[in-house]
file model-v2.txt (compact mmCIF, C-alpha atoms)
# COMPACT_ATOMS: atom_id res chain seq x y z
CA MET A 1 276.57 164.56 14.37
CA ALA A 2 277.87 167.69 16.04
CA LEU A 3 276.61 171.18 16.68
CA THR A 4 278.92 174.05 17.58
CA ILE A 5 277.51 177.28 18.99
CA LEU A 6 279.35 180.52 19.63
CA PHE A 7 277.86 183.23 21.85
CA TRP A 8 279.51 186.60 22.30
CA ASN A 9 278.52 189.94 23.79
CA THR A 10 280.58 192.21 21.55
CA HIS A 11 280.05 195.43 23.52
CA ARG A 12 278.97 197.43 20.43
CA ASN A 13 282.47 197.24 18.99
CA PRO A 14 283.31 196.66 15.30
CA VAL A 15 284.74 193.18 15.72
CA ALA A 16 283.51 191.45 12.57
CA GLU A 17 287.02 190.28 11.74
CA ALA A 18 287.45 188.63 15.14
CA ILE A 19 284.00 187.02 14.90
CA ALA A 20 284.79 185.61 11.45
CA ALA A 21 288.12 184.27 12.72
CA LEU A 22 286.45 182.51 15.66
CA VAL A 23 283.75 181.05 13.42
CA ALA A 24 286.30 179.71 10.93
CA GLU A 25 288.69 178.39 13.57
CA HIS A 26 286.03 176.49 15.52
CA ASP A 27 283.77 175.55 12.59
CA VAL A 28 280.76 177.22 14.21
CA ASP A 29 277.23 176.26 13.09
CA VAL A 30 275.16 178.76 15.11
CA LEU A 31 276.44 182.21 16.01
CA CYS A 32 274.66 184.50 18.46
CA LEU A 33 275.77 188.05 19.23
CA ALA A 34 274.57 190.38 21.97
CA GLU A 35 275.09 194.14 21.82
CA SER A 36 276.17 193.84 18.19
CA THR A 37 275.98 196.96 16.07
CA ILE A 38 277.48 195.33 12.99
CA PRO A 39 274.97 195.44 10.13
CA ASP A 40 273.88 192.02 8.87
CA ALA A 41 275.30 192.58 5.41
CA ALA A 42 278.70 193.60 6.74
CA LEU A 43 278.94 190.67 9.10
CA LEU A 44 277.74 188.14 6.52
CA ALA A 45 280.36 189.50 4.10
CA HIS A 46 283.01 188.62 6.69
CA LEU A 47 281.48 185.24 7.49
CA ASN A 48 280.91 184.11 3.91
CA PRO A 49 284.03 184.88 1.87
CA CYS A 50 283.82 182.27 -0.87
CA SER A 51 282.37 179.79 1.62
CA ASP A 52 280.57 176.72 0.33
CA ARG A 53 278.66 176.64 3.63
CA PRO A 54 277.46 180.22 3.98
CA PHE A 55 275.78 181.75 7.00
CA ALA A 56 272.32 183.32 7.03
CA ARG A 57 270.38 185.33 9.58
CA VAL A 58 267.93 183.24 11.61
CA PRO A 59 264.53 183.64 9.92
CA VAL A 60 261.71 185.81 11.25
CA SER A 61 263.55 186.95 14.38
CA GLN A 62 262.44 190.36 15.68
CA CYS A 63 264.57 190.33 18.84
CA ARG A 64 266.33 193.68 19.24
CA GLN A 65 268.96 192.53 21.71
CA LEU A 66 270.34 189.50 19.88
CA ALA A 67 271.53 188.78 16.35
CA THR A 68 271.60 185.09 15.47
CA TYR A 69 273.09 183.46 12.38
CA TYR A 70 273.39 179.85 11.23
CA ARG A 71 274.68 177.65 8.44
CA PRO A 72 271.63 176.30 6.57
CA SER A 73 273.78 173.56 5.06
CA ARG A 74 274.56 172.21 8.53
CA VAL A 75 271.50 172.92 10.63
CA GLY A 76 267.83 173.63 9.98
CA VAL A 77 266.52 176.48 12.11
CA GLU A 78 263.06 177.75 12.93
CA THR A 79 262.27 180.54 15.39
CA VAL A 80 259.75 179.18 17.89
CA LEU A 81 259.32 181.88 20.50
CA GLU A 82 261.13 185.08 21.26
CA GLY A 83 260.94 188.39 23.05
CA ASP A 84 262.91 191.51 23.72
CA ARG A 85 265.87 189.67 25.26
CA HIS A 86 265.60 186.04 24.20
CA VAL A 87 265.21 183.87 21.12
CA ALA A 88 264.16 180.22 21.19
CA ILE A 89 265.02 178.33 18.03
CA SER A 90 264.35 174.80 16.99
CA ALA A 91 267.67 173.57 15.60
CA VAL A 92 267.88 170.36 13.59
CA PRO A 93 271.44 169.42 12.68
CA VAL A 94 271.63 167.39 9.44
CA CYS A 95 270.64 163.73 9.99
CA SER A 96 269.95 164.36 13.64
CA GLN A 97 267.20 165.03 16.15
CA GLU A 98 265.79 168.44 17.01
CA ILE A 99 267.29 170.53 19.81
CA LEU A 100 265.73 173.62 21.36
CA VAL A 101 268.35 176.36 21.61
CA VAL A 102 267.42 179.36 23.74
CA LEU A 103 269.65 182.41 23.36
CA ALA A 104 269.36 185.16 25.96
CA HIS A 105 270.75 188.46 27.11
CA LEU A 106 269.32 189.42 30.49
CA PRO A 107 269.58 192.96 31.92
CA MET A 108 272.83 193.96 33.60
CA GLN A 109 273.04 193.38 37.34
CA LEU A 110 274.78 196.69 37.98
CA TYR A 111 271.52 198.50 37.30
CA SER A 112 269.10 195.99 38.77
CA ASP A 113 268.05 195.13 42.30
CA PRO A 114 268.59 191.49 43.40
CA ALA A 115 264.87 190.64 43.45
CA LYS A 116 264.48 191.91 39.90
CA LEU A 117 267.35 189.73 38.72
CA VAL A 118 265.67 186.64 40.16
CA ARG A 119 262.43 187.68 38.55
CA ASN A 120 264.10 188.13 35.16
CA ALA A 121 265.48 184.60 35.45
CA GLU A 122 262.05 183.31 36.46
CA LEU A 123 260.42 185.01 33.49
CA LEU A 124 263.02 183.43 31.21
CA SER A 125 262.34 180.00 32.72
CA ILE A 126 258.62 180.47 31.93
CA GLU A 127 259.46 181.38 28.34
CA ILE A 128 261.69 178.29 28.07
CA ALA A 129 258.93 176.05 29.46
CA ASP A 130 256.45 177.43 26.91
CA ALA A 131 258.94 176.95 24.06
CA GLU A 132 259.53 173.37 25.23
CA ALA A 133 255.77 172.77 25.31
CA LYS A 134 255.48 174.07 21.76
CA CYS A 135 258.36 171.87 20.55
CA GLY A 136 257.10 168.84 22.46
CA HIS A 137 260.48 167.94 23.99
CA THR A 138 262.98 169.16 26.57
CA ARG A 139 266.26 168.61 24.71
CA THR A 140 267.05 172.19 25.58
CA LEU A 141 270.18 174.30 25.66
CA LEU A 142 270.23 177.80 27.13
CA ILE A 143 273.20 179.94 26.17
CA GLY A 144 273.78 183.64 26.62
CA ASP A 145 274.79 186.58 28.74
CA LEU A 146 272.63 185.99 31.79
CA ASN A 147 274.30 188.85 33.67
CA ILE A 148 274.31 186.84 36.89
CA ASP A 149 276.88 184.39 38.23
CA PRO A 150 276.27 180.62 38.54
CA PHE A 151 275.78 180.99 42.31
CA HIS A 152 273.14 183.76 42.04
CA ASP A 153 269.60 182.99 43.21
CA GLY A 154 268.39 183.59 39.65
CA LEU A 155 270.39 180.57 38.55
CA ILE A 156 269.80 178.25 41.48
CA LEU A 157 266.30 178.84 42.88
CA PRO A 158 263.86 176.18 41.67
CA TRP A 159 261.32 178.64 40.26
CA ALA A 160 264.09 180.55 38.49
CA LEU A 161 266.53 178.61 36.28
CA ASN A 162 267.08 175.75 38.75
CA ALA A 163 270.62 175.08 37.52
CA THR A 164 272.84 172.69 39.44
CA PRO A 165 276.60 172.22 39.04
CA SER A 166 276.16 168.44 39.31
CA ARG A 167 275.21 166.39 36.29
CA ARG A 168 274.17 163.56 38.62
CA VAL A 169 271.72 165.79 40.49
CA ALA A 170 270.40 167.21 37.21
CA SER A 171 269.79 163.68 35.93
CA ARG A 172 266.89 163.46 38.42
CA GLU A 173 265.23 165.79 35.86
CA CYS A 174 263.29 167.87 38.38
CA ARG A 175 262.92 168.75 42.04
CA THR A 176 259.60 169.17 43.76
CA VAL A 177 258.98 172.15 46.03
CA ASP A 178 255.61 172.65 47.73
CA GLY A 179 254.15 169.94 45.55
CA ARG A 180 255.22 171.56 42.29
CA PRO A 181 257.92 170.02 40.06
CA TYR A 182 260.63 172.29 38.66
CA PRO A 183 262.84 170.97 35.82
CA PHE A 184 266.60 171.05 36.32
CA PHE A 185 269.28 172.54 34.17
CA TYR A 186 272.84 171.22 34.42
CA ASN A 187 275.26 174.13 34.63
CA PRO A 188 278.70 173.03 33.37
CA MET A 189 280.07 176.57 33.71
CA TRP A 190 281.08 175.82 37.30
CA ASN A 191 283.80 173.61 35.79
CA LEU A 192 285.36 176.67 34.13
CA PHE A 193 285.05 179.05 37.08
CA GLY A 194 288.30 180.08 38.80
CA ASP A 195 291.96 179.34 38.17
CA ASP A 196 292.02 175.57 37.94
CA THR A 197 291.17 175.41 34.25
CA THR A 198 292.85 176.13 30.94
CA SER A 199 290.31 178.93 30.37
CA PRO A 200 290.32 182.40 31.98
CA PRO A 201 288.77 182.53 35.50
CA GLY A 202 285.51 183.85 34.05
CA SER A 203 284.00 185.48 31.00
CA TYR A 204 283.77 189.04 32.33
CA TYR A 205 286.05 191.14 34.53
CA PHE A 206 284.47 193.82 36.73
CA ASN A 207 286.08 195.63 39.65
CA ALA A 208 284.02 198.81 40.10
CA ASP A 209 282.11 197.39 43.06
CA GLN A 210 283.73 196.90 46.48
CA GLY A 211 281.97 193.57 46.89
CA SER A 212 283.08 192.32 43.50
CA ILE A 213 284.83 189.00 42.99
CA TYR A 214 286.45 190.61 39.91
CA TRP A 215 286.02 187.67 37.53
CA HIS A 216 282.42 186.79 36.77
CA MET A 217 280.89 183.95 34.80
CA VAL A 218 277.90 185.82 33.41
CA ASP A 219 278.10 184.20 29.98
CA GLN A 220 276.80 180.69 30.46
CA ALA A 221 275.53 177.58 28.76
CA LEU A 222 272.99 175.41 30.62
CA VAL A 223 271.67 172.08 29.39
CA ARG A 224 268.66 170.00 30.30
CA PRO A 225 269.47 166.43 31.38
CA GLN A 226 267.18 165.17 28.59
CA LEU A 227 269.58 166.67 26.05
CA LEU A 228 272.50 164.90 27.70
CA ALA A 229 270.72 161.56 27.26
CA ASP A 230 271.53 161.65 23.53
CA TRP A 231 274.25 164.28 23.23
CA HIS A 232 277.37 165.10 25.16
CA ILE A 233 279.34 168.26 25.70
CA GLU A 234 282.44 167.84 23.58
CA THR A 235 283.75 171.38 23.94
CA LEU A 236 283.08 174.15 26.42
CA THR A 237 285.65 176.92 26.36
CA ILE A 238 286.14 180.65 26.74
CA PRO A 239 288.44 181.55 23.83
CA THR A 240 291.03 184.27 24.45
CA CYS A 241 292.10 184.67 20.85
CA ALA A 242 290.43 184.79 17.46
CA GLY A 243 292.95 183.63 14.89
CA THR A 244 295.82 186.06 15.34
CA ILE A 245 293.69 188.59 17.27
CA SER A 246 294.13 188.51 21.04
CA LEU A 247 290.92 189.16 22.96
CA VAL A 248 292.73 189.80 26.26
CA THR A 249 295.24 192.26 27.70
CA PRO A 250 298.70 191.16 28.91
CA GLN A 251 297.02 190.77 32.35
CA GLY A 252 294.61 188.28 30.83
CA ARG A 253 291.55 190.53 31.08
CA PRO A 254 289.11 191.17 28.23
CA LYS A 255 290.13 194.06 25.96
CA ALA A 256 287.04 196.04 26.88
CA ASN A 257 287.70 199.12 24.76
CA SER A 258 289.03 197.69 21.53
CA ILE A 259 287.38 194.23 21.42
CA SER A 260 284.77 193.53 24.12
CA ASP A 261 284.36 193.56 27.89
CA HIS A 262 283.07 189.98 27.58
CA LEU A 263 284.94 186.96 26.29
CA PRO A 264 283.14 184.63 23.87
CA LEU A 265 281.66 181.31 24.89
CA LEU A 266 282.07 178.27 22.67
CA LEU A 267 279.98 175.14 23.11
CA GLY A 268 280.32 171.98 21.04
CA LEU A 269 277.74 169.22 21.34
CA ARG A 270 278.19 165.78 19.80
CA GLU A 271 275.48 163.20 19.38
CA GLY A 272 275.99 159.94 21.23
CA ALA A 273 276.85 158.81 24.71
CA GLU A 274 279.80 160.21 26.54
CA THR A 275 282.66 157.90 27.47
CA GLU A 276 282.61 156.64 31.05
CA GLY A 277 285.85 158.42 31.95
CA ARG A 278 284.56 161.80 30.86
CA ARG A 279 281.23 161.25 32.58
CA GLN A 280 282.87 160.40 35.92
CA HIS A 281 285.02 163.48 35.64
CA ALA A 282 281.96 165.60 34.84
CA THR A 283 280.02 164.46 37.90
CA MET B 1 219.65 170.89 61.55
CA GLN B 2 218.25 174.18 62.69
CA ARG B 3 220.76 177.06 62.66
CA GLU B 4 221.15 179.14 65.76
CA SER B 5 222.83 182.12 63.96
CA THR B 6 221.83 184.47 61.12
CA SER B 7 223.89 185.00 57.94
CA LEU B 8 226.65 187.58 58.30
CA TRP B 9 227.05 187.80 54.47
CA ASN B 10 225.45 191.06 53.45
CA VAL B 11 226.40 190.82 49.78
CA SER B 12 224.11 189.24 47.22
CA PHE B 13 226.77 187.47 45.15
CA ALA B 14 224.36 186.47 42.40
CA ARG B 15 223.57 190.12 41.68
CA ALA B 16 227.10 191.55 42.27
CA LYS B 17 228.81 192.68 39.06
CA PRO B 18 232.48 191.58 38.96
CA ILE B 19 235.11 194.06 37.79
CA ALA B 20 236.26 193.13 34.28
CA SER B 21 239.64 191.47 34.74
CA PRO B 22 242.81 192.74 33.05
CA VAL B 23 243.12 189.34 31.35
CA LEU B 24 239.70 189.74 29.73
CA LEU B 25 240.80 193.11 28.39
CA LEU B 26 243.97 191.54 26.98
CA ARG B 27 241.96 188.81 25.24
CA GLU B 28 239.69 191.43 23.69
CA GLN B 29 242.71 193.37 22.44
CA ALA B 30 244.11 190.16 20.96
CA GLU B 31 240.91 189.82 18.92
CA TYR B 32 241.13 193.45 17.75
CA LEU B 33 244.73 192.87 16.63
CA TYR B 34 243.72 189.81 14.62
CA GLU B 35 240.97 191.80 12.90
CA GLN B 36 243.16 194.86 12.24
CA THR B 37 245.95 192.78 10.66
CA GLY B 38 243.55 190.95 8.39
CA GLY B 39 244.05 187.71 10.33
CA ILE B 40 247.81 187.68 9.80
CA VAL B 41 248.97 188.51 13.35
CA GLY B 42 246.96 187.52 16.39
CA ALA B 43 247.85 187.26 20.05
CA SER B 44 247.51 184.81 22.90
CA VAL B 45 247.44 185.26 26.66
CA ALA B 46 249.15 182.57 28.75
CA SER B 47 248.90 182.53 32.55
CA HIS B 48 251.43 181.14 35.01
CA PRO B 49 251.79 181.30 38.79
CA LEU B 50 255.02 182.99 39.85
CA GLY B 51 256.92 180.73 42.26
CA SER B 52 258.78 183.62 43.82
CA SER B 53 255.78 185.66 44.91
CA GLY B 54 252.64 183.62 44.44
CA ALA B 55 251.37 186.29 42.04
CA MET B 56 249.93 185.43 38.63
CA LEU B 57 251.79 186.28 35.46
CA HIS B 58 249.87 186.80 32.21
CA THR B 59 251.99 186.87 29.07
CA PHE B 60 250.73 188.63 25.95
CA ARG B 61 252.29 187.07 22.85
CA LEU B 62 251.94 187.97 19.21
CA VAL B 63 251.15 184.85 17.17
CA VAL B 64 251.59 184.39 13.43
CA PRO B 65 249.63 181.35 12.19
CA ALA B 66 251.28 181.46 8.74
CA LEU B 67 254.71 181.10 10.35
CA ASP B 68 253.92 177.83 12.12
CA ASN B 69 252.44 179.76 15.03
CA TYR B 70 255.64 181.71 15.66
CA LYS B 71 255.30 183.67 18.91
CA TYR B 72 256.76 186.94 20.14
CA THR B 73 256.36 187.87 23.80
CA LEU B 74 255.39 191.52 23.66
CA PHE B 75 254.81 192.13 27.36
CA HIS B 76 253.48 190.53 30.51
CA ILE B 77 251.37 191.69 33.40
CA SER B 78 251.54 190.53 37.00
CA GLY B 79 249.26 191.12 39.91
CA GLY B 80 247.74 189.68 43.06
CA PRO B 81 244.34 188.13 43.75
CA THR B 82 242.45 191.39 43.07
CA PRO B 83 242.12 192.71 39.49
CA TYR B 84 244.17 195.83 40.27
CA PRO B 85 246.86 197.01 40.75
CA VAL B 86 248.87 195.27 38.04
CA THR B 87 252.35 195.83 36.69
CA ILE B 88 253.05 195.75 32.97
CA GLY B 89 256.54 194.43 32.17
CA TRP B 90 257.47 195.66 28.72
CA GLY B 91 261.08 195.20 27.65
CA ASP B 92 263.17 196.71 30.43
CA LYS B 93 260.32 199.03 31.47
CA GLU B 94 257.70 198.54 34.17
CA ILE B 95 254.38 200.37 34.16
CA THR B 96 252.25 200.16 37.31
CA ALA B 97 248.49 200.54 36.87
CA ALA B 98 246.38 201.21 39.97
CA ASP B 99 243.06 200.81 38.17
CA ARG B 100 241.43 200.00 34.84
CA GLY B 101 241.97 203.52 33.49
CA GLU B 102 245.71 203.43 34.15
CA PHE B 103 245.89 199.91 32.73
CA ILE B 104 244.23 201.01 29.48
CA SER B 105 246.60 203.97 29.31
CA GLY B 106 249.59 201.64 29.80
CA LEU B 107 248.37 199.27 27.10
CA GLN B 108 247.93 202.15 24.68
CA GLN B 109 251.53 203.13 25.34
CA VAL B 110 252.73 199.58 24.52
CA PHE B 111 250.44 198.94 21.55
CA ASN B 112 251.10 202.27 19.83
CA SER B 113 254.85 202.50 20.37
CA PRO B 114 257.03 202.66 17.24
CA THR B 115 258.79 199.43 18.32
CA THR B 116 255.54 197.45 18.57
CA THR B 117 254.31 198.85 15.26
CA GLU B 118 257.58 197.89 13.60
CA ILE B 119 257.50 194.35 14.99
CA ILE B 120 253.92 193.74 13.86
CA THR B 121 254.42 195.21 10.40
CA ASN B 122 257.64 193.20 9.98
CA LEU B 123 255.81 190.01 10.97
CA MET B 124 252.99 190.79 8.53
CA GLN B 125 255.55 191.27 5.77
CA VAL B 126 257.39 188.02 6.57
CA ALA B 127 254.10 186.12 6.72
CA GLU B 128 252.98 187.53 3.37
CA ASP B 129 256.37 186.77 1.80
CA THR B 130 256.25 183.22 3.11
CA GLU B 131 252.73 182.73 1.83
CA GLY B 132 253.78 184.06 -1.57
CA THR B 133 256.76 181.71 -1.68
CA GLU B 134 254.60 178.72 -0.84
CA THR B 135 252.05 179.69 -3.49
CA SER B 136 254.65 180.10 -6.20
CA ASP B 137 256.28 176.78 -5.27
CA GLY B 138 253.05 174.93 -5.19
call {"tool": "encode", "arguments": {"input": "model-v2.txt", "output": "structure tokens"}}
result
Amino acid sequence: MALTILFWNTHRNPVAEAIAALVAEHDVDVLCLAESTIPDAALLAHLNPCSDRPFARVPVSQCRQLATYYRPSRVGVETVLEGDRHVAISAVPVCSQEILVVLAHLPMQLYSDPAKLVRNAELLSIEIADAEAKCGHTRTLLIGDLNIDPFHDGLILPWALNATPSRRVASRECRTVDGRPYPFFYNPMWNLFGDDTTSPPGSYYFNADQGSIYWHMVDQALVRPQLLADWHIETLTIPTCAGTISLVTPQGRPKANSISDHLPLLLGLREGAETEGRRQHAT
Amino acid sequence: MQRESTSLWNVSFARAKPIASPVLLLREQAEYLYEQTGGIVGASVASHPLGSSGAMLHTFRLVVPALDNYKYTLFHISGGPTPYPVTIGWGDKEITAADRGEFISGLQQVFNSPTTTEIITNLMQVAEDTEGTETSDG
């Protein structure tokens, strides 16, 4: 079985057509939008034109910052735990085992001091741990606009998100600091960072700060090693077009004004072990 | 063994009255919420040590038993080893409370905000709709 998730911070722009094109092109099962101002009815009308596998809004969710949709015919969804900037859903793809999917949109770093950013990540890690305790497993995926780069303390410190770029290191499951175990995330976004990929150098372009590295990878997907025991990452890309709609300028940067200042993030998981060749490449 | 010194502890701990902790106040408010929503929405308080600072974090979550114990994290408070001061983290806002009076004032601000009211009433509606659906099916 497979599960395809699309996350996109749409920058409050009316991009329903582009969203629908991405969903159709990549056969998306779970769609999560940040900063979306598109009313549910309008978006669902774009997503479900004569579809035999229509989308629905994730039940119960009261989160103001995120709008999450799914295909009930492909995946069962239950909201487990949420807050102002995160939603944890139990997702059960048809004929498959349950996965915990945590969707998040953390505050923007431009307006936050570094210590606060680490703290936000730490608070999110506590929410994830509580959602995992409620679900009774750690087959967890975190996807969203974390508003910090993969090398930020909020991503790498053990008491924050504890995310390593190495699958082999993550397979140890946790690291112990001062006698306390902290569970690892594997962060595959490092593989997409910079020029040596078929994707853009990052998901977000920002040059208003003299210390900026211009391209940032603030939109990320992190996976627990326990999820990778039974599933593998089949697809992880930053799309630059949605059907015939280009999401980038001729310079390759996000069309911030007309589309969004962020590019979407597409993750495809497939149940079953990964082939040895892919695994060696990934480590 | 006979002691050669006298006790330097002047406080009678058995008779000292501890200051009511912020967590106790949160638990009491959770009970009031449960009563005032007719048992549809309650709340829980979970405590965690913060690895970054050593402080304690107490998370106040709305809980809806009819929705398989769905939880919504409304706010959290953090503080040191003494009851006060504490900081209330509510959405992107932070409210610092130096004492019990300021803490109560901060909680009133959170509990009575339009956003909180809307979330709780929405959850009550979803819970009632779900219960109705289950009744009609069964």
call {"tool": "closest_atom_pairs", "arguments": {"input": "model-v2.txt", "of": "chain B", "to": "chain A", "cutoff": "7 Å", "atoms": "only C-alpha atoms", "output": "Markdown table"}}
result
| residue | atom | partner | partner_atom | distance |
| --- | --- | --- | --- | --- |
| B:Gly51 | CA | A:Trp159 | CA | 5.3 |
| B:Ser52 | CA | A:Trp159 | CA | 6.6 |
| B:Tyr70 | CA | A:Val80 | CA | 5.3 |
| B:Lys71 | CA | A:Leu81 | CA | 4.7 |
| B:Tyr72 | CA | A:Glu82 | CA | 4.9 |
| B:Thr73 | CA | A:Gly83 | CA | 4.7 |
| B:Leu74 | CA | A:Gly83 | CA | 6.4 |
| B:Gly91 | CA | A:Asp84 | CA | 5.7 |
| B:Ile119 | CA | A:Gln62 | CA | 6.4 |
| B:Val126 | CA | A:Val60 | CA | 6.7 |
call {"tool": "residues_around", "arguments": {"input": "model-v2.txt", "residues": "Thr140 of chain A", "least_positions_apart": "6", "cutoff": "8 Å", "atoms": "all atoms listed in the file", "output": "compact mmCIF listing (two decimals) with C-alpha atoms, in the coordinates of the input"}}
result
# COMPACT_ATOMS: atom_id res chain seq x y z
CA ILE A 99 267.29 170.53 19.81
CA LEU A 100 265.73 173.62 21.36
CA VAL A 101 268.35 176.36 21.61
CA VAL A 102 267.42 179.36 23.74
CA GLU A 132 259.53 173.37 25.23
CA VAL A 223 271.67 172.08 29.39
CA ARG A 224 268.66 170.00 30.30
CA GLN A 226 267.18 165.17 28.59
CA LEU A 227 269.58 166.67 26.05
call {"tool": "closest_residue", "arguments": {"input": "model-v2.txt", "among": "B:Pro18, B:Thr82, B:Arg3, B:Ala127", "to": "Asp68 of chain B", "atoms": "all atoms listed in the file"}}
result
B:Ala127
call {"tool": "atom_distance", "arguments": {"input": "model-v2.txt", "atom1": "atom CA of Gly272 of chain A", "atom2": "atom CA of His232 of chain A"}}
result
6.6 Å
call {"tool": "residues_around", "arguments": {"input": "model-v2.txt", "residues": "Ala30 of chain B", "least_positions_apart": "6", "cutoff": "10 Å", "atoms": "only C-alpha atoms", "output": "list of chain:residue names"}}
result
B:Leu24, B:Gln36, B:Val41, B:Gly42, B:Ala43, B:Ser44, B:Val45, B:Phe60, B:Arg61, B:Leu62, B:Val63
call {"tool": "atom_distance", "arguments": {"input": "model-v2.txt", "atom1": "atom CA of Gln29 of chain B", "atom2": "atom CA of Asp92 of chain B"}}
result
22.2 Å
call {"tool": "atom_distance", "arguments": {"input": "model-v2.txt", "atom1": "atom CA of Asn48 of chain A", "atom2": "atom CA of Glu35 of chain A"}}
result
21.3 Å
call {"tool": "closest_residue", "arguments": {"input": "model-v2.txt", "among": "B:Leu57, B:Pro83, B:Glu128, B:Tyr32", "to": "Ile19 of chain B", "atoms": "only C-alpha atoms"}}
result
B:Pro83
call {"tool": "residues_around", "arguments": {"input": "model-v2.txt", "residues": "segment 13-30 of chain A", "least_positions_apart": "2", "cutoff": "7 Å", "atoms": "only C-alpha atoms", "output": "list of chain:residue names"}}
result
A:Leu3, A:Thr4, A:Ile5, A:Leu6, A:Thr10, A:His11, A:Cys32, A:Ile38, A:Leu43, A:His46, A:Leu47, A:Tyr69, A:Tyr70, A:Arg71, A:Arg74, A:Ala242, A:Gly243, A:Ile245, A:Ile259, A:Ser260
call {"tool": "write_last_selection", "arguments": {"input": "model-v2.txt", "atoms": "C-alpha atoms", "output": "PDB file, in the coordinates of the input"}}
result
ATOM      1  CA  LEU A   3     276.610 171.180  16.680  1.00  0.00           C
ATOM      2  CA  THR A   4     278.920 174.050  17.580  1.00  0.00           C
ATOM      3  CA  ILE A   5     277.510 177.280  18.990  1.00  0.00           C
ATOM      4  CA  LEU A   6     279.350 180.520  19.630  1.00  0.00           C
ATOM      5  CA  THR A  10     280.580 192.210  21.550  1.00  0.00           C
ATOM      6  CA  HIS A  11     280.050 195.430  23.520  1.00  0.00           C
ATOM      7  CA  CYS A  32     274.660 184.500  18.460  1.00  0.00           C
ATOM      8  CA  ILE A  38     277.480 195.330  12.990  1.00  0.00           C
ATOM      9  CA  LEU A  43     278.940 190.670   9.100  1.00  0.00           C
ATOM     10  CA  HIS A  46     283.010 188.620   6.690  1.00  0.00           C
ATOM     11  CA  LEU A  47     281.480 185.240   7.490  1.00  0.00           C
ATOM     12  CA  TYR A  69     273.090 183.460  12.380  1.00  0.00           C
ATOM     13  CA  TYR A  70     273.390 179.850  11.230  1.00  0.00           C
ATOM     14  CA  ARG A  71     274.680 177.650   8.440  1.00  0.00           C
ATOM     15  CA  ARG A  74     274.560 172.210   8.530  1.00  0.00           C
ATOM     16  CA  ALA A 242     290.430 184.790  17.460  1.00  0.00           C
ATOM     17  CA  GLY A 243     292.950 183.630  14.890  1.00  0.00           C
ATOM     18  CA  ILE A 245     293.690 188.590  17.270  1.00  0.00           C
ATOM     19  CA  ILE A 259     287.380 194.230  21.420  1.00  0.00           C
ATOM     20  CA  SER A 260     284.770 193.530  24.120  1.00  0.00           C
TER      21      SER A 260
END
call {"tool": "closest_residue", "arguments": {"input": "model-v2.txt", "among": "A:Arg53, A:Phe185, A:Leu247, A:Ser203", "to": "Thr138 of chain A", "atoms": "only C-alpha atoms"}}
result
A:Phe185
call {"tool": "residues_around", "arguments": {"input": "model-v2.txt", "residues": "Gly54 of chain B", "least_positions_apart": "5", "cutoff": "12 Å", "atoms": "all atoms listed in the file", "output": "PyMOL selection string"}}
result
(chain A and resi 159+178) or (chain B and resi 48-49+78-81)
call {"tool": "closest_residue", "arguments": {"input": "model-v2.txt", "among": "B:Ile120, B:Val110, B:Ile95, B:Met56", "to": "Thr37 of chain B", "atoms": "all atoms listed in the file"}}
result
B:Ile120
call {"tool": "closest_residue", "arguments": {"input": "model-v2.txt", "among": "A:Thr235, A:Gln251, A:Asn147, A:Thr164", "to": "Met217 of chain A", "atoms": "all atoms listed in the file"}}
result
A:Asn147
call {"tool": "closest_residue", "arguments": {"input": "model-v2.txt", "among": "A:Cys50, A:Ala133, A:Ala208, A:Leu228", "to": "Glu173 of chain A", "atoms": "only C-alpha atoms"}}
result
A:Leu228
call {"tool": "residues_around", "arguments": {"input": "model-v2.txt", "residues": "Thr59 of chain B", "least_positions_apart": "3", "cutoff": "7 Å", "atoms": "only C-alpha atoms", "output": "list in words"}}
result
Val45, Ala46, Ser47, Thr73, Phe75, His76 and Ile77 of chain B
call {"tool": "write_last_selection", "arguments": {"input": "model-v2.txt", "atoms": "C-alpha atoms", "output": "PDB file, keeping the file's coordinate frame"}}
result
ATOM      1  CA  VAL B  45     247.440 185.260  26.660  1.00  0.00           C
ATOM      2  CA  ALA B  46     249.150 182.570  28.750  1.00  0.00           C
ATOM      3  CA  SER B  47     248.900 182.530  32.550  1.00  0.00           C
ATOM      4  CA  THR B  73     256.360 187.870  23.800  1.00  0.00           C
ATOM      5  CA  PHE B  75     254.810 192.130  27.360  1.00  0.00           C
ATOM      6  CA  HIS B  76     253.480 190.530  30.510  1.00  0.00           C
ATOM      7  CA  ILE B  77     251.370 191.690  33.400  1.00  0.00           C
TER       8      ILE B  77
END
call {"tool": "decode", "arguments": {"input": "model-v2.txt", "residues": "segment 18-30 of chain A", "atoms": "C-alpha atoms", "output": "short mmCIF file (atom, residue, chain, number, x, y, z; two decimals), in the first residue's frame"}}
result
data_model
loop_
_atom_site.label_atom_id
_atom_site.label_comp_id
_atom_site.auth_asym_id
_atom_site.auth_seq_id
_atom_site.Cartn_x
_atom_site.Cartn_y
_atom_site.Cartn_z
CA ALA A 18 -2.80 24.83 -8.59
CA ILE A 19 -3.60 22.73 -5.51
CA ALA A 20 -6.11 20.65 -7.45
CA ALA A 21 -3.60 20.15 -10.27
CA LEU A 22 -0.92 18.96 -7.85
CA VAL A 23 -3.36 16.61 -6.10
CA ALA A 24 -4.50 15.08 -9.40
CA GLU A 25 -1.01 14.82 -10.88
CA HIS A 26 0.52 13.10 -7.85
CA ASP A 27 -2.56 11.14 -6.72
CA VAL A 28 -2.44 12.70 -3.25
CA ASP A 29 -4.24 10.99 -0.34
CA VAL A 30 -3.72 13.59 2.42
#
